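One structure is given below, encoded as structure tokens.
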Amino acid sequence: MDCFQYREGALWTEEVAATTLAEQYGTPLYVYSQDTLLQHYERIHTAFAALDPMICYAVKSCSNIHICRLFAERGSGFDVVSGGELYRVLQAGADPARVVFAGVGKTEREIEEALAAGIGRFNAESVSELEQVNGIATRMGRAAHVDLRVNPDVDAKTHAYTTTGRKENKFGVAIEQAPSVFDRFRDSVGLKLRGIHLHIGSPVNDVQSYVASIERGLALIDTLRHGGHPIDTLDIGGGFGAFYEGHEAPSAQDYANVIVPLLRDRGLRIIMEPGRSITANAGLLLTRVLHVKQAGTRRFVIVDAAMTELIRPALYGAYHFVWPAVAAQHVPETRAAQQPFADLVASDVVGPVCESGDFLAKERGLPPGIEAGDLIAVFSAGAYAMAMASQYNSRPRPAEVLVDGQTSRVIRRRESYADLIATELDANAAVTSATAS
Ligand code: LLP
């Protein structure tokens, strides 16, 4: 579900036309629908209500502070993976007790900051990290609440780069080693190791992969409890899918239908870390056509957004549906990659960056007659889109706008040329003064 609709051939975000947004704020421009963000959050909340889970929004999917604040105001927790994300959510008004801190490598400073802030839980991924957290917490006179991330060796049937639960992946501790790890830290002063964390990949459209990993996790919890470990928490991670080509992802209710029966009445506090399923379909990228160029049978539509704004196609070969924001033709019934060209023209939508991998869409049927100045929308761009943007080729990063009904507001200003060199000039000043002293 989303609040981006074509009305008489023109794209709207809630009650604001895409053309108005592009004129008002310029392009390339990220546009989010507040209603869609909140509805997606609520759907997960409702579908999993029987488990009363702590929902920890995965900040990495779309980290804008104003978006984090929307969720904080609704009582959401947060899944963070760096000191920067922790800082961000605390600034957004997050309750520290509802923050979980994941990641295979945390620095001493990050751990100290998290303990000082009083975060809810650490998700630790190795014996070495448990020793590190134990040492720091003991020194600070604290006891960190920790869940051990276990690697269940389950195939999430997703892209190799975003599969995380196979034994060859860097994440977690092999599930068969987990009991000895729990035994080793049983009496640690600085740790309360009371739960396990699972996250098998993203996006995971195969609900059975969750069943497999959760069943393995529950078997481990039984073993640990038998061994006298008072396990009280299971964090099932994130990974729920979103719509890119059509309606390929299960709904929150579909996931809940298989997951809730497994976890009900287990005496466990459940934590969930959804990101993409909330944000992906709540955002789009608006970009202006700079040139159209025919090369043999290939039409290149050169736009002002690039891999710098949206790296997913270049990095994962990811599919994002693209369509003009104003078009005489109807939007195709199917947004799938295989859409027939019929009266459309085979086109590559590419950016200005100096790499052949810089494309947003390849071999797509787009309406004839696209010309410079036209506005193109790149859909399903709310997750891992702006969050992965860069300044490569010294391109200032774009603005972000949040639409709420008939109103829109800038939630991140467009970067300036001065922003591009600001930290470099600061560095120069720092070195000069260091030399002087
Ligand atoms: N929890 C952990 C421990 C994670 O590593 C992730 C995502 C999530 C939760 C949230 O997963 P989600 O619900 O958003 O699927 N850049 C890639 C996706 C990387 C996902 C990284 N971890 C992409 O553009 O597809």
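Going through the structure tokens in order, the chains are called A, B, and so on, while each chain numbers its residues from 1 and the ligands are numbered from 1 in the order shown.
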Using only C-alpha atoms, what does the table of stretch 195-314 of chain A residues within 10 Å of stretch 400-415 of chain A look like, with each row giving the shortest atom pair and its distance in Å to one decimal, sorted by chain and ascending number, as JSON lines?
{"residue": "A:Ala282", "atom": "CA", "partner": "A:Leu402", "partner_atom": "CA", "distance": 10.0}
{"residue": "A:Gly283", "atom": "CA", "partner": "A:Leu402", "partner_atom": "CA", "distance": 9.1}
{"residue": "A:Leu284", "atom": "CA", "partner": "A:Glu400", "partner_atom": "CA", "distance": 10.0}
{"residue": "A:Leu285", "atom": "CA", "partner": "A:Glu400", "partner_atom": "CA", "distance": 9.2}
> Can you tell me, as a count of residues only, what residues are no more than 12 Å from A:Arg216 when counting only C-alpha atoms, ignoring any on the same chain fewer than 2 positions away?
Replying inline: 28
Contact table chain A vs ligand 1, cut-off 6 Å, shortest pair per residue, only C-alpha atoms and all ligand atoms, as a tab-separated table:
residue	atom	partner	partner_atom_place_in_ligand_line	distance
A:Ala58	CA	ligand 1	10 (C)	5.0
A:Ser61	CA	ligand 1	14 (O)	5.5
A:Ala102	CA	ligand 1	3 (C)	5.9
A:Thr162	CA	ligand 1	19 (C)	5.5
A:His199	CA	ligand 1	3 (C)	5.4
A:Ser202	CA	ligand 1	15 (O)	4.0
A:Pro203	CA	ligand 1	15 (O)	4.9
A:Gly237	CA	ligand 1	1 (N)	4.6
A:Gly238	CA	ligand 1	13 (O)	3.7
A:Gly239	CA	ligand 1	15 (O)	3.1
A:Phe240	CA	ligand 1	13 (O)	5.2
A:Glu273	CA	ligand 1	9 (C)	4.7
A:Pro274	CA	ligand 1	13 (O)	3.7
A:Gly275	CA	ligand 1	14 (O)	3.4
A:Arg276	CA	ligand 1	14 (O)	3.7
A:Ser277	CA	ligand 1	13 (O)	5.9
A:Arg312	CA	ligand 1	24 (O)	5.5
A:Tyr384	CA	ligand 1	24 (O)	4.5
> If you count only C-alpha atoms, which residues fall within 8 Å of A:Lys157, apart from same-chain ones fewer than 2 positions away, as JSON, numbers by chain?
Replying inline: {"A": [155, 159, 163, 204, 205, 206, 209]}
> Using only C-alpha atoms, which residues sit within 12 Å of A:Phe48 once same-chain residues fewer than 4 positions away are excluded, as a PyMOL selection string?
Replying inline: chain A and resi 41-44+52-55+251-264+270-272
>> Using DSSP secondary structure from the backbone, list all strand (DSSP E) positions within stretch 136-222 of chain A, as JSON, numbers by chain.
In response: {"A": [144, 145, 146, 147, 148, 149, 150, 151, 173, 174, 191, 192, 193, 194, 195, 196, 197]}
Taking N, CA, C and O atoms for each residue, export the selection above as a compact mmCIF listing (two decimals), in the first residue's frame.
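As written to disk, selection_11.txt reads:
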# COMPACT_ATOMS: atom_id res chain seq x y z
N ALA A 144 25.65 -4.79 31.15
CA ALA A 144 24.98 -4.60 29.86
C ALA A 144 24.01 -5.75 29.60
O ALA A 144 24.35 -6.91 29.83
N HIS A 145 22.81 -5.42 29.12
CA HIS A 145 21.88 -6.46 28.69
C HIS A 145 22.25 -6.85 27.27
O HIS A 145 22.28 -5.98 26.39
N VAL A 146 22.56 -8.12 27.08
CA VAL A 146 23.09 -8.54 25.78
C VAL A 146 22.32 -9.74 25.25
O VAL A 146 21.99 -10.67 26.00
N ASP A 147 22.03 -9.71 23.94
CA ASP A 147 21.52 -10.88 23.24
C ASP A 147 22.63 -11.34 22.30
O ASP A 147 23.31 -10.50 21.70
N LEU A 148 22.78 -12.64 22.18
CA LEU A 148 23.82 -13.16 21.28
C LEU A 148 23.21 -13.37 19.89
O LEU A 148 22.21 -14.06 19.75
N ARG A 149 23.83 -12.75 18.89
CA ARG A 149 23.34 -13.01 17.53
C ARG A 149 23.87 -14.38 17.11
O ARG A 149 25.07 -14.62 17.09
N VAL A 150 22.94 -15.25 16.77
CA VAL A 150 23.35 -16.57 16.31
C VAL A 150 23.09 -16.68 14.82
O VAL A 150 22.15 -16.08 14.28
N ASN A 151 23.94 -17.44 14.18
CA ASN A 151 23.83 -17.65 12.75
C ASN A 151 23.18 -19.02 12.54
O ASN A 151 23.80 -20.04 12.78
N VAL A 173 27.25 -15.88 15.76
CA VAL A 173 28.02 -17.03 16.22
C VAL A 173 27.30 -18.27 15.72
O VAL A 173 26.07 -18.34 15.80
N ALA A 174 28.03 -19.24 15.19
CA ALA A 174 27.40 -20.46 14.68
C ALA A 174 26.49 -21.04 15.76
O ALA A 174 26.88 -21.13 16.93
N LEU A 191 27.95 -8.39 32.16
CA LEU A 191 27.01 -8.83 31.11
C LEU A 191 25.82 -9.53 31.71
O LEU A 191 25.98 -10.36 32.60
N LYS A 192 24.66 -9.25 31.15
CA LYS A 192 23.50 -10.11 31.41
C LYS A 192 23.13 -10.69 30.06
O LYS A 192 22.45 -10.05 29.26
N LEU A 193 23.64 -11.89 29.79
CA LEU A 193 23.42 -12.54 28.49
C LEU A 193 22.15 -13.36 28.61
O LEU A 193 22.16 -14.46 29.16
N ARG A 194 21.05 -12.79 28.10
CA ARG A 194 19.73 -13.39 28.41
C ARG A 194 18.88 -13.69 27.18
O ARG A 194 17.71 -14.04 27.32
N GLY A 195 19.45 -13.47 25.99
CA GLY A 195 18.59 -13.69 24.83
C GLY A 195 19.38 -13.98 23.58
O GLY A 195 20.61 -13.93 23.58
N ILE A 196 18.66 -14.29 22.51
CA ILE A 196 19.34 -14.49 21.23
C ILE A 196 18.70 -13.60 20.16
O ILE A 196 17.55 -13.18 20.25
N HIS A 197 19.52 -13.33 19.16
CA HIS A 197 19.14 -12.43 18.06
C HIS A 197 19.33 -13.19 16.75
O HIS A 197 20.35 -13.86 16.56
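Distances to A:Cys3 were evaluated for A:Ala22, A:Leu130, A:Gly141, A:Ser380 using only C-alpha atoms, and the minimum falls at A:Ser380.
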>> Env of A:Glu333: 9 Å cut, atoms = only C-alpha atoms, seq-sep filter 3 positions within chain, self excluded. Answer as a ChimeraX atom specification.
In response: /A:246,330,339
> What is the distance between atom CA of A:Asp374 and atom CA of A:Trp323, in Å to one decimal?
Replying inline: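 Here the two named atoms are 10.6 Å from each other.
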> Can you list, as a ChimeraX atom specification, every protein, DNA or RNA residue that comes within 10 Å of A:Arg88 when you count only C-alpha atoms, leaving out same-chain residues fewer than 2 positions away?
Replying inline: /A:59,63-66,68-69,80,82-86,90-94
> Restricting the calculation to only C-alpha atoms, which member of A:Pro398, A:Pro332, A:Pro324, A:Pro96 is positioned closest to A:Ala377?
Replying inline: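 For A:Ala377, the nearest of the candidates is A:Pro324.
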>> List the spatial neighbours of A:Arg298 as a PyMOL selection string - criterion: any atom at most 12 Å away, only C-alpha atoms, same-chain residues fewer than 4 positions off excluded.
In response: chain A and resi 292-294+345-349+362-366
> For A:Thr20, which of A:Ile111, A:Met140, A:Ala418, A:Ala325 is the closest residue, counting only C-alpha atoms?
Replying inline: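 Nearest candidate to A:Thr20 out of A:Ile111, A:Met140, A:Ala418, A:Ala325: A:Ala325.
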> Using the chain letters and numbers from this document, which residues of stretch 306-414 of chain A does DSSP assign to alpha helix (DSSP H), as a VMD selection string?
Replying inline: chain A and resid 312 to 316
Those same residues - C-alpha atoms - I'd like them written as a CSV table (one decimal), in the first residue's frame.
chain,number,residue,atom,x,y,z
A,312,ARG,CA,20.8,-0.1,-5.4
A,313,PRO,CA,20.6,-0.8,-9.2
A,314,ALA,CA,24.4,-0.5,-9.5
A,315,LEU,CA,25.2,-2.4,-6.4
A,316,TYR,CA,22.7,-5.3,-6.4
> Between atom CA of A:Trp12 and atom CA of A:Thr308, what is the distance, to one decimal in Å?
Replying inline: 24.8 Å
